[in-house]
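Notes follow the structure.
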Amino acid sequence: MSRQQPAPVKPSGMELVFFYVCPYCRRQIPVPAPLQPSMIACDVCRRNFPIMPVDRHSVHFVRIMFGDGPAAVDPDYL
Ligand SMILES: [Zn+2]
């Protein structure tokens, strides 16, 4: 068994996270790309509120641009 550290690992996938401000307490809540209109719960004040979904084509475009993760790696690390 090797005691050496493994080489730095590339990302194998990605998720886009969007922030929504709670209308009750103004907390910014991170939500991974919501593609459907939905209700979210604030983790501070515990109240629920509806959020607007994001466009699936825009999310898909960004994922393609980054090769679903690995293509976003800092070129200095390659
Ligand atoms: Zn809140």
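By convention here, the chains of the structure tokens are called A, B, ... in the order presented, each chain's residues are numbered starting at 1, and ligands are numbered starting at 1 in the order presented.
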Site check for ligand 1: residues at most 12 Å away, only C-alpha atoms and all ligand atoms, as a list in words: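 Based on only C-alpha atoms and all ligand atoms, ligand 1 is surrounded within 12 Å by Tyr20, Val21, Cys22, Pro23, Tyr24, Cys25, Arg26, Arg27, Gln28, Ile29, Ile40, Ala41, Cys42, Asp43, Val44, Cys45, Arg46, Arg47, Asn48 and Phe49 of chain A.
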Members of chain A assigned strand (DSSP E or B) by DSSP, as a PyMOL selection string: chain A and resi 17-21+28-32+38-41+48-51
Output of the above residues as a PDB file, in the first residue's frame, restricted to N, CA, C and O atoms:
```pdb
ATOM      1  N   VAL A  17     -25.806  26.203  -8.219  1.00  0.00           N
ATOM      2  CA  VAL A  17     -26.562  26.589  -7.035  1.00  0.00           C
ATOM      3  C   VAL A  17     -27.037  28.033  -7.196  1.00  0.00           C
ATOM      4  O   VAL A  17     -26.256  28.911  -7.546  1.00  0.00           O
ATOM      5  N   PHE A  18     -28.311  28.241  -6.952  1.00  0.00           N
ATOM      6  CA  PHE A  18     -28.897  29.589  -7.037  1.00  0.00           C
ATOM      7  C   PHE A  18     -29.296  30.035  -5.633  1.00  0.00           C
ATOM      8  O   PHE A  18     -29.610  29.199  -4.783  1.00  0.00           O
ATOM      9  N   PHE A  19     -29.248  31.351  -5.416  1.00  0.00           N
ATOM     10  CA  PHE A  19     -29.609  31.881  -4.101  1.00  0.00           C
ATOM     11  C   PHE A  19     -30.938  32.617  -4.178  1.00  0.00           C
ATOM     12  O   PHE A  19     -31.170  33.389  -5.109  1.00  0.00           O
ATOM     13  N   TYR A  20     -31.781  32.362  -3.211  1.00  0.00           N
ATOM     14  CA  TYR A  20     -33.074  33.032  -3.106  1.00  0.00           C
ATOM     15  C   TYR A  20     -33.143  33.709  -1.749  1.00  0.00           C
ATOM     16  O   TYR A  20     -32.779  33.101  -0.737  1.00  0.00           O
ATOM     17  N   VAL A  21     -33.599  34.973  -1.746  1.00  0.00           N
ATOM     18  CA  VAL A  21     -33.680  35.714  -0.488  1.00  0.00           C
ATOM     19  C   VAL A  21     -35.038  35.456   0.163  1.00  0.00           C
ATOM     20  O   VAL A  21     -36.090  35.647  -0.458  1.00  0.00           O
ATOM     21  N   GLN A  28     -30.242  34.578   2.654  1.00  0.00           N
ATOM     22  CA  GLN A  28     -30.001  34.028   1.326  1.00  0.00           C
ATOM     23  C   GLN A  28     -29.946  32.516   1.437  1.00  0.00           C
ATOM     24  O   GLN A  28     -29.100  31.971   2.158  1.00  0.00           O
ATOM     25  N   ILE A  29     -30.811  31.857   0.689  1.00  0.00           N
ATOM     26  CA  ILE A  29     -30.894  30.404   0.777  1.00  0.00           C
ATOM     27  C   ILE A  29     -30.378  29.774  -0.509  1.00  0.00           C
ATOM     28  O   ILE A  29     -30.877  30.085  -1.595  1.00  0.00           O
ATOM     29  N   PRO A  30     -29.357  28.908  -0.417  1.00  0.00           N
ATOM     30  CA  PRO A  30     -28.843  28.242  -1.618  1.00  0.00           C
ATOM     31  C   PRO A  30     -29.770  27.109  -2.049  1.00  0.00           C
ATOM     32  O   PRO A  30     -30.216  26.323  -1.216  1.00  0.00           O
ATOM     33  N   VAL A  31     -30.076  27.068  -3.361  1.00  0.00           N
ATOM     34  CA  VAL A  31     -30.940  26.005  -3.896  1.00  0.00           C
ATOM     35  C   VAL A  31     -30.278  25.460  -5.157  1.00  0.00           C
ATOM     36  O   VAL A  31     -29.991  26.220  -6.082  1.00  0.00           O
ATOM     37  N   PRO A  32     -29.995  24.153  -5.220  1.00  0.00           N
ATOM     38  CA  PRO A  32     -29.419  23.577  -6.438  1.00  0.00           C
ATOM     39  C   PRO A  32     -30.432  23.649  -7.585  1.00  0.00           C
ATOM     40  O   PRO A  32     -31.540  23.119  -7.453  1.00  0.00           O
ATOM     41  N   SER A  38     -41.457  25.744  -7.097  1.00  0.00           N
ATOM     42  CA  SER A  38     -41.645  24.941  -5.887  1.00  0.00           C
ATOM     43  C   SER A  38     -41.652  25.830  -4.665  1.00  0.00           C
ATOM     44  O   SER A  38     -41.426  27.039  -4.744  1.00  0.00           O
ATOM     45  N   MET A  39     -41.913  25.218  -3.528  1.00  0.00           N
ATOM     46  CA  MET A  39     -41.870  25.909  -2.254  1.00  0.00           C
ATOM     47  C   MET A  39     -40.569  25.506  -1.571  1.00  0.00           C
ATOM     48  O   MET A  39     -40.179  24.346  -1.617  1.00  0.00           O
ATOM     49  N   ILE A  40     -39.893  26.464  -0.964  1.00  0.00           N
ATOM     50  CA  ILE A  40     -38.733  26.105  -0.166  1.00  0.00           C
ATOM     51  C   ILE A  40     -38.952  26.608   1.261  1.00  0.00           C
ATOM     52  O   ILE A  40     -39.749  27.511   1.497  1.00  0.00           O
ATOM     53  N   ALA A  41     -38.207  26.003   2.182  1.00  0.00           N
ATOM     54  CA  ALA A  41     -38.316  26.397   3.584  1.00  0.00           C
ATOM     55  C   ALA A  41     -37.056  27.143   3.977  1.00  0.00           C
ATOM     56  O   ALA A  41     -35.943  26.714   3.662  1.00  0.00           O
ATOM     57  N   ASN A  48     -42.144  28.964   4.837  1.00  0.00           N
ATOM     58  CA  ASN A  48     -42.084  28.491   3.453  1.00  0.00           C
ATOM     59  C   ASN A  48     -42.441  29.620   2.503  1.00  0.00           C
ATOM     60  O   ASN A  48     -43.244  30.484   2.849  1.00  0.00           O
ATOM     61  N   PHE A  49     -41.828  29.585   1.317  1.00  0.00           N
ATOM     62  CA  PHE A  49     -42.229  30.549   0.287  1.00  0.00           C
ATOM     63  C   PHE A  49     -41.965  29.951  -1.093  1.00  0.00           C
ATOM     64  O   PHE A  49     -41.117  29.077  -1.259  1.00  0.00           O
ATOM     65  N   PRO A  50     -42.739  30.416  -2.114  1.00  0.00           N
ATOM     66  CA  PRO A  50     -42.573  29.880  -3.470  1.00  0.00           C
ATOM     67  C   PRO A  50     -41.382  30.545  -4.174  1.00  0.00           C
ATOM     68  O   PRO A  50     -41.101  31.723  -3.943  1.00  0.00           O
ATOM     69  N   ILE A  51     -40.716  29.795  -5.032  1.00  0.00           N
ATOM     70  CA  ILE A  51     -39.594  30.341  -5.810  1.00  0.00           C
ATOM     71  C   ILE A  51     -39.845  30.148  -7.307  1.00  0.00           C
ATOM     72  O   ILE A  51     -40.551  29.231  -7.723  1.00  0.00           O
TER      73      ILE A  51
END
```
Interatomic distance (Å, one decimal) between atom CA of Tyr77 of chain A and atom CA of Ala33 of chain A: 27.6 Å
Shell around Val54 of chain A at 8 Å using only C-alpha atoms, local window under 4 positions removed, as a list in words: Ala33, Pro34, Leu35, Gln36, Ser58 and Val59 of chain A
Helix (DSSP H, G or I) positions in chain A, given as a list in words: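 DSSP on the backbone gives helix (DSSP H, G or I) at Arg56, His57, Ser58, Val59, His60, Phe61, Val62, Arg63, Ile64, Met65, Pro70, Ala71, Ala72, Pro75, Asp76 and Tyr77 of chain A.
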Residues of the last selection are to be written out with N, CA and C atoms, as a PDB file, in the first residue's frame.
```
ATOM      1  N   ARG A  56     -34.152  25.383 -17.798  1.00  0.00           N
ATOM      2  CA  ARG A  56     -33.327  24.168 -17.909  1.00  0.00           C
ATOM      3  C   ARG A  56     -32.310  24.259 -19.041  1.00  0.00           C
ATOM      4  N   HIS A  57     -32.639  25.003 -20.108  1.00  0.00           N
ATOM      5  CA  HIS A  57     -31.701  25.109 -21.234  1.00  0.00           C
ATOM      6  C   HIS A  57     -30.465  25.913 -20.827  1.00  0.00           C
ATOM      7  N   SER A  58     -30.660  26.956 -20.030  1.00  0.00           N
ATOM      8  CA  SER A  58     -29.519  27.748 -19.558  1.00  0.00           C
ATOM      9  C   SER A  58     -28.620  26.910 -18.662  1.00  0.00           C
ATOM     10  N   VAL A  59     -29.225  26.124 -17.778  1.00  0.00           N
ATOM     11  CA  VAL A  59     -28.447  25.266 -16.878  1.00  0.00           C
ATOM     12  C   VAL A  59     -27.674  24.236 -17.699  1.00  0.00           C
ATOM     13  N   HIS A  60     -28.352  23.656 -18.710  1.00  0.00           N
ATOM     14  CA  HIS A  60     -27.730  22.658 -19.568  1.00  0.00           C
ATOM     15  C   HIS A  60     -26.528  23.267 -20.301  1.00  0.00           C
ATOM     16  N   PHE A  61     -26.695  24.505 -20.786  1.00  0.00           N
ATOM     17  CA  PHE A  61     -25.631  25.196 -21.516  1.00  0.00           C
ATOM     18  C   PHE A  61     -24.388  25.357 -20.640  1.00  0.00           C
ATOM     19  N   VAL A  62     -24.576  25.789 -19.402  1.00  0.00           N
ATOM     20  CA  VAL A  62     -23.433  25.993 -18.500  1.00  0.00           C
ATOM     21  C   VAL A  62     -22.750  24.654 -18.201  1.00  0.00           C
ATOM     22  N   ARG A  63     -23.548  23.621 -18.013  1.00  0.00           N
ATOM     23  CA  ARG A  63     -22.963  22.303 -17.742  1.00  0.00           C
ATOM     24  C   ARG A  63     -22.126  21.826 -18.930  1.00  0.00           C
ATOM     25  N   ILE A  64     -22.615  22.058 -20.147  1.00  0.00           N
ATOM     26  CA  ILE A  64     -21.865  21.664 -21.351  1.00  0.00           C
ATOM     27  C   ILE A  64     -20.565  22.456 -21.430  1.00  0.00           C
ATOM     28  N   MET A  65     -20.669  23.776 -21.122  1.00  0.00           N
ATOM     29  CA  MET A  65     -19.496  24.650 -21.179  1.00  0.00           C
ATOM     30  C   MET A  65     -18.374  24.123 -20.278  1.00  0.00           C
ATOM     31  N   PRO A  70     -15.291  18.664 -15.141  1.00  0.00           N
ATOM     32  CA  PRO A  70     -13.837  18.566 -15.353  1.00  0.00           C
ATOM     33  C   PRO A  70     -13.253  19.725 -16.160  1.00  0.00           C
ATOM     34  N   ALA A  71     -13.992  20.259 -17.143  1.00  0.00           N
ATOM     35  CA  ALA A  71     -13.454  21.332 -17.997  1.00  0.00           C
ATOM     36  C   ALA A  71     -13.333  22.657 -17.247  1.00  0.00           C
ATOM     37  N   ALA A  72     -13.860  22.730 -16.025  1.00  0.00           N
ATOM     38  CA  ALA A  72     -13.773  23.964 -15.251  1.00  0.00           C
ATOM     39  C   ALA A  72     -12.488  24.037 -14.435  1.00  0.00           C
ATOM     40  N   PRO A  75      -6.505  25.746 -15.448  1.00  0.00           N
ATOM     41  CA  PRO A  75      -5.506  25.194 -16.365  1.00  0.00           C
ATOM     42  C   PRO A  75      -4.126  25.009 -15.720  1.00  0.00           C
ATOM     43  N   ASP A  76      -3.811  25.787 -14.691  1.00  0.00           N
ATOM     44  CA  ASP A  76      -2.523  25.644 -14.012  1.00  0.00           C
ATOM     45  C   ASP A  76      -2.386  24.286 -13.333  1.00  0.00           C
ATOM     46  N   TYR A  77      -3.489  23.603 -13.120  1.00  0.00           N
ATOM     47  CA  TYR A  77      -3.438  22.309 -12.449  1.00  0.00           C
ATOM     48  C   TYR A  77      -3.349  21.136 -13.416  1.00  0.00           C
TER      49      TYR A  77
END
```
One-decimal distance in Å that lies between atom CA of Met14 of chain A and atom CA of Met52 of chain A: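 Pair atom CA of Met52 of chain A / atom CA of Met14 of chain A returns 21.3 Å.
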Contacts of Asp74 of chain A at 12 Å (only C-alpha atoms; same-chain gap of 5+ positions) as an MDAnalysis selection string: chainID A and resid 8 10:11 66 69
